[in-house]
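A.B. asks: One structure follows; several queries about it will come next.
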Amino acid sequence: MLFADDVALIGESKQETEGKLELWRQTLESKGFRLSRTKTEYLKCDFDGTGTDDGELLLDGQIVPRKESFRYLGSMIHSDGVIKEDIRHRSQLGWAKWRLATGILCDRKVPVKLKGKFYRTTFRPAMLYGAECWATRSSHLMALHATEMRMLRWACGHTRHDKIRNDCVRGKLGVAPMKDILSQHRLRWFGHLQ
């Protein structure tokens, strides 16, 4: 192993987690590496909302800082399982990609079907990275849908004031609804896990 970064250790209890952390530290040191104590942090999942505190996690007698959320492999992970921040971050990444390609998407000489294909291959993957694991609610789907429709209408040169239905805009660009694509992602991931 030449380089290790973003390693997740999962334990059911404080003692189990401390044991795994100590074992990981020993393994790294036996190979000539050091575990960075300044960058090491932990997150305690509290999905049921009980909020019981097991005390502080220690590594070589030093307290490991506890975080309520952190970024892991491109996704925001929260201690209470909320994904609102991750969806907001993914939408911002989609808009960042959009700004890079504004010249193509706002050009009226580019065929609309090509714009739709460009959207499906560039922006949607940026917005749905890691979405297979999201426990989405209707409010999350609505936020993603609103972002997507703003992009699609802009690519077609329409505004909401034009009173053109979303289905017509999607049909023009050849883009399926976000809800359907999320279902496909989950089913593909489920098949992969099986």
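Note on naming: chains are A, B, ... as they come in the structure tokens, residues start from 1 per chain, ligands start from 1 in the order shown.
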From chain A, collect each residue whose DSSP state is strand (DSSP E) and return the set as an NGL selection string.

C.D. replies: :A and (42-43 or 58-59 or 62-63 or 66-67 or 69-72 or 75-78)

A.B. asks: Please report as a Markdown table every residue of segment 133-161 of chain A lying within 8 Å of segment 74-91 of chain A, along with the nearest atom pair and their distance in Å (one decimal), using only C-alpha atoms.

C.D. replies:
```
| residue | atom | partner | partner_atom | distance |
| --- | --- | --- | --- | --- |
| A:Trp134 | CA | A:Ile83 | CA | 6.9 |
| A:Ala135 | CA | A:Ile83 | CA | 7.5 |
| A:Thr136 | CA | A:Ile83 | CA | 7.7 |
| A:His140 | CA | A:Lys84 | CA | 6.9 |
| A:Leu144 | CA | A:Ser91 | CA | 7.2 |
| A:Thr147 | CA | A:Ser91 | CA | 6.8 |
```

A.B. asks: Report as JSON, numbers by chain all protein, DNA and RNA residues lying within 12 Å of Lys172 of chain A, evaluated on only C-alpha atoms, omitting residues in the same chain fewer than 6 positions from it.

C.D. replies: {"A": [111, 112, 113, 114, 115, 116, 117, 152, 153, 155, 156, 157, 158, 164, 165, 166]}

A.B. asks: Please produce a file of those selected residues containing C-alpha atoms, as a PDB file, in the first residue's frame.

C.D. replies:
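As written to disk, result-v3.pdb reads:
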```pdb
ATOM      1  CA  PRO A 111     -29.863  21.298 -32.276  1.00  0.00           C
ATOM      2  CA  VAL A 112     -32.163  20.779 -29.289  1.00  0.00           C
ATOM      3  CA  LYS A 113     -31.697  16.976 -29.329  1.00  0.00           C
ATOM      4  CA  LEU A 114     -27.923  17.470 -29.079  1.00  0.00           C
ATOM      5  CA  LYS A 115     -28.455  19.738 -26.080  1.00  0.00           C
ATOM      6  CA  GLY A 116     -30.559  16.991 -24.481  1.00  0.00           C
ATOM      7  CA  LYS A 117     -27.860  14.402 -25.094  1.00  0.00           C
ATOM      8  CA  LEU A 152     -33.868  22.211 -19.523  1.00  0.00           C
ATOM      9  CA  ARG A 153     -36.033  25.290 -20.065  1.00  0.00           C
ATOM     10  CA  ALA A 155     -31.446  25.055 -22.932  1.00  0.00           C
ATOM     11  CA  CYS A 156     -34.663  25.259 -24.986  1.00  0.00           C
ATOM     12  CA  GLY A 157     -34.831  29.030 -24.672  1.00  0.00           C
ATOM     13  CA  HIS A 158     -38.107  28.956 -22.725  1.00  0.00           C
ATOM     14  CA  ILE A 164     -45.008  25.310 -21.875  1.00  0.00           C
ATOM     15  CA  ARG A 165     -45.559  22.090 -19.935  1.00  0.00           C
ATOM     16  CA  ASN A 166     -42.592  20.236 -18.456  1.00  0.00           C
TER      17      ASN A 166
END
```

A.B. asks: Any chance you could tabulate, as a tab-separated table, the residues of segment 69-133 of chain A at most 8 Å from segment 179-187 of chain A with each one's nearest atom pair and distance in Å to one decimal, using only C-alpha atoms, in chain and rising number order?

C.D. replies:
```
residue	atom	partner	partner_atom	distance
A:Leu128	CA	A:Leu182	CA	7.8
A:Ala131	CA	A:Leu182	CA	7.0
A:Glu132	CA	A:Arg186	CA	4.8
A:Cys133	CA	A:Arg186	CA	7.6
```

A.B. asks: May I have the selected residues written with N, CA, C and O atoms, as a short mmCIF file (atom, residue, chain, number, x, y, z; two decimals), in the first residue's frame?

C.D. replies:
```cif
data_model
loop_
_atom_site.label_atom_id
_atom_site.label_comp_id
_atom_site.auth_asym_id
_atom_site.auth_seq_id
_atom_site.Cartn_x
_atom_site.Cartn_y
_atom_site.Cartn_z
N LEU A 128 -26.34 13.44 -9.96
CA LEU A 128 -26.83 12.21 -9.35
C LEU A 128 -25.72 11.28 -8.88
O LEU A 128 -25.96 10.10 -8.63
N ALA A 131 -26.37 8.96 -5.83
CA ALA A 131 -27.80 9.02 -5.54
C ALA A 131 -28.42 7.66 -5.25
O ALA A 131 -29.51 7.58 -4.71
N GLU A 132 -27.71 6.59 -5.58
CA GLU A 132 -28.24 5.25 -5.34
C GLU A 132 -28.47 5.02 -3.85
O GLU A 132 -29.35 4.26 -3.46
N CYS A 133 -27.69 5.68 -3.03
CA CYS A 133 -27.75 5.47 -1.58
C CYS A 133 -28.65 6.48 -0.87
O CYS A 133 -28.84 6.37 0.34
#
```

A.B. asks: Could you find all residues in segment 35-143 of chain A that DSSP calls alpha helix (DSSP H) from the backbone, and write them as an MDAnalysis selection string?

C.D. replies: chainID A and resid 84:100 102:105 112:118 124:127 138:143

A.B. asks: I'd like to know which of A:Arg150, A:Arg160, A:Arg37, A:Lys67 is closest to Trp98 of chain A, using only C-alpha atoms.

C.D. replies: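 Of A:Arg150, A:Arg160, A:Arg37, A:Lys67, the one nearest Trp98 of chain A is A:Arg150, counting only C-alpha atoms.
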
A.B. asks: Which value, in Å to one decimal, gives the distance between atom CA of Met149 of chain A and atom CA of Phe190 of chain A?

C.D. replies: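 Spanning atom CA of Met149 of chain A to atom CA of Phe190 of chain A is a straight-line distance of 27.6 Å.
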
A.B. asks: Work out how far apart atom CA of Gly55 of chain A and atom CA of Phe33 of chain A are and give it in Å to one decimal.

C.D. replies: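 Computing the Euclidean distance for atom CA of Gly55 of chain A and atom CA of Phe33 of chain A yields 28.4 Å.
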
A.B. asks: Can you pull out the residues contacting segment 15-23 of chain A? Cut-off 9 Å, using only C-alpha atoms, and skip same-chain residues under 4 positions away; I want them as a CSV table (one decimal) with N, CA and C atoms, in the first residue's frame.

C.D. replies:
```
chain,number,residue,atom,x,y,z
A,9,LEU,N,-13.8,3.5,9.0
A,9,LEU,CA,-13.9,2.3,9.9
A,9,LEU,C,-15.3,2.4,10.6
A,10,ILE,N,-16.0,1.3,10.6
A,10,ILE,CA,-17.3,1.2,11.1
A,10,ILE,C,-17.4,0.3,12.3
A,11,GLY,N,-17.9,0.7,13.4
A,11,GLY,CA,-18.1,-0.1,14.6
A,11,GLY,C,-19.5,0.1,15.2
A,27,THR,N,-1.3,-1.2,11.9
A,27,THR,CA,-1.1,-1.7,10.6
A,27,THR,C,-0.3,-0.7,9.7
A,28,LEU,N,-0.7,0.6,9.8
A,28,LEU,CA,0.0,1.6,9.1
A,28,LEU,C,1.4,1.8,9.6
A,57,LEU,N,-14.1,9.4,21.9
A,57,LEU,CA,-13.3,8.4,21.2
A,57,LEU,C,-11.8,8.8,21.4
A,58,LEU,N,-11.0,7.8,21.8
A,58,LEU,CA,-9.6,8.1,22.1
A,58,LEU,C,-8.7,7.3,21.2
A,59,LEU,N,-7.6,8.0,20.8
A,59,LEU,CA,-6.5,7.3,20.0
A,59,LEU,C,-5.2,7.7,20.6
A,60,ASP,N,-4.5,6.7,21.2
A,60,ASP,CA,-3.3,6.9,22.0
A,60,ASP,C,-3.5,8.0,23.1
```

A.B. asks: For each of A:Ile63, A:Leu100, A:Leu105, A:Cys45, take the minimum atom-to-atom distance to Met151 of chain A, counting only C-alpha atoms, then give the residue where this is smallest.

C.D. replies: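 For Met151 of chain A, the nearest of the candidates is A:Leu105.
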
A.B. asks: If I take atom CA of Tyr129 of chain A and atom CA of Trp189 of chain A, how far is one from the other in Å, to one decimal?

C.D. replies: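 Result for atom CA of Tyr129 of chain A versus atom CA of Trp189 of chain A: 12.2 Å, one decimal.
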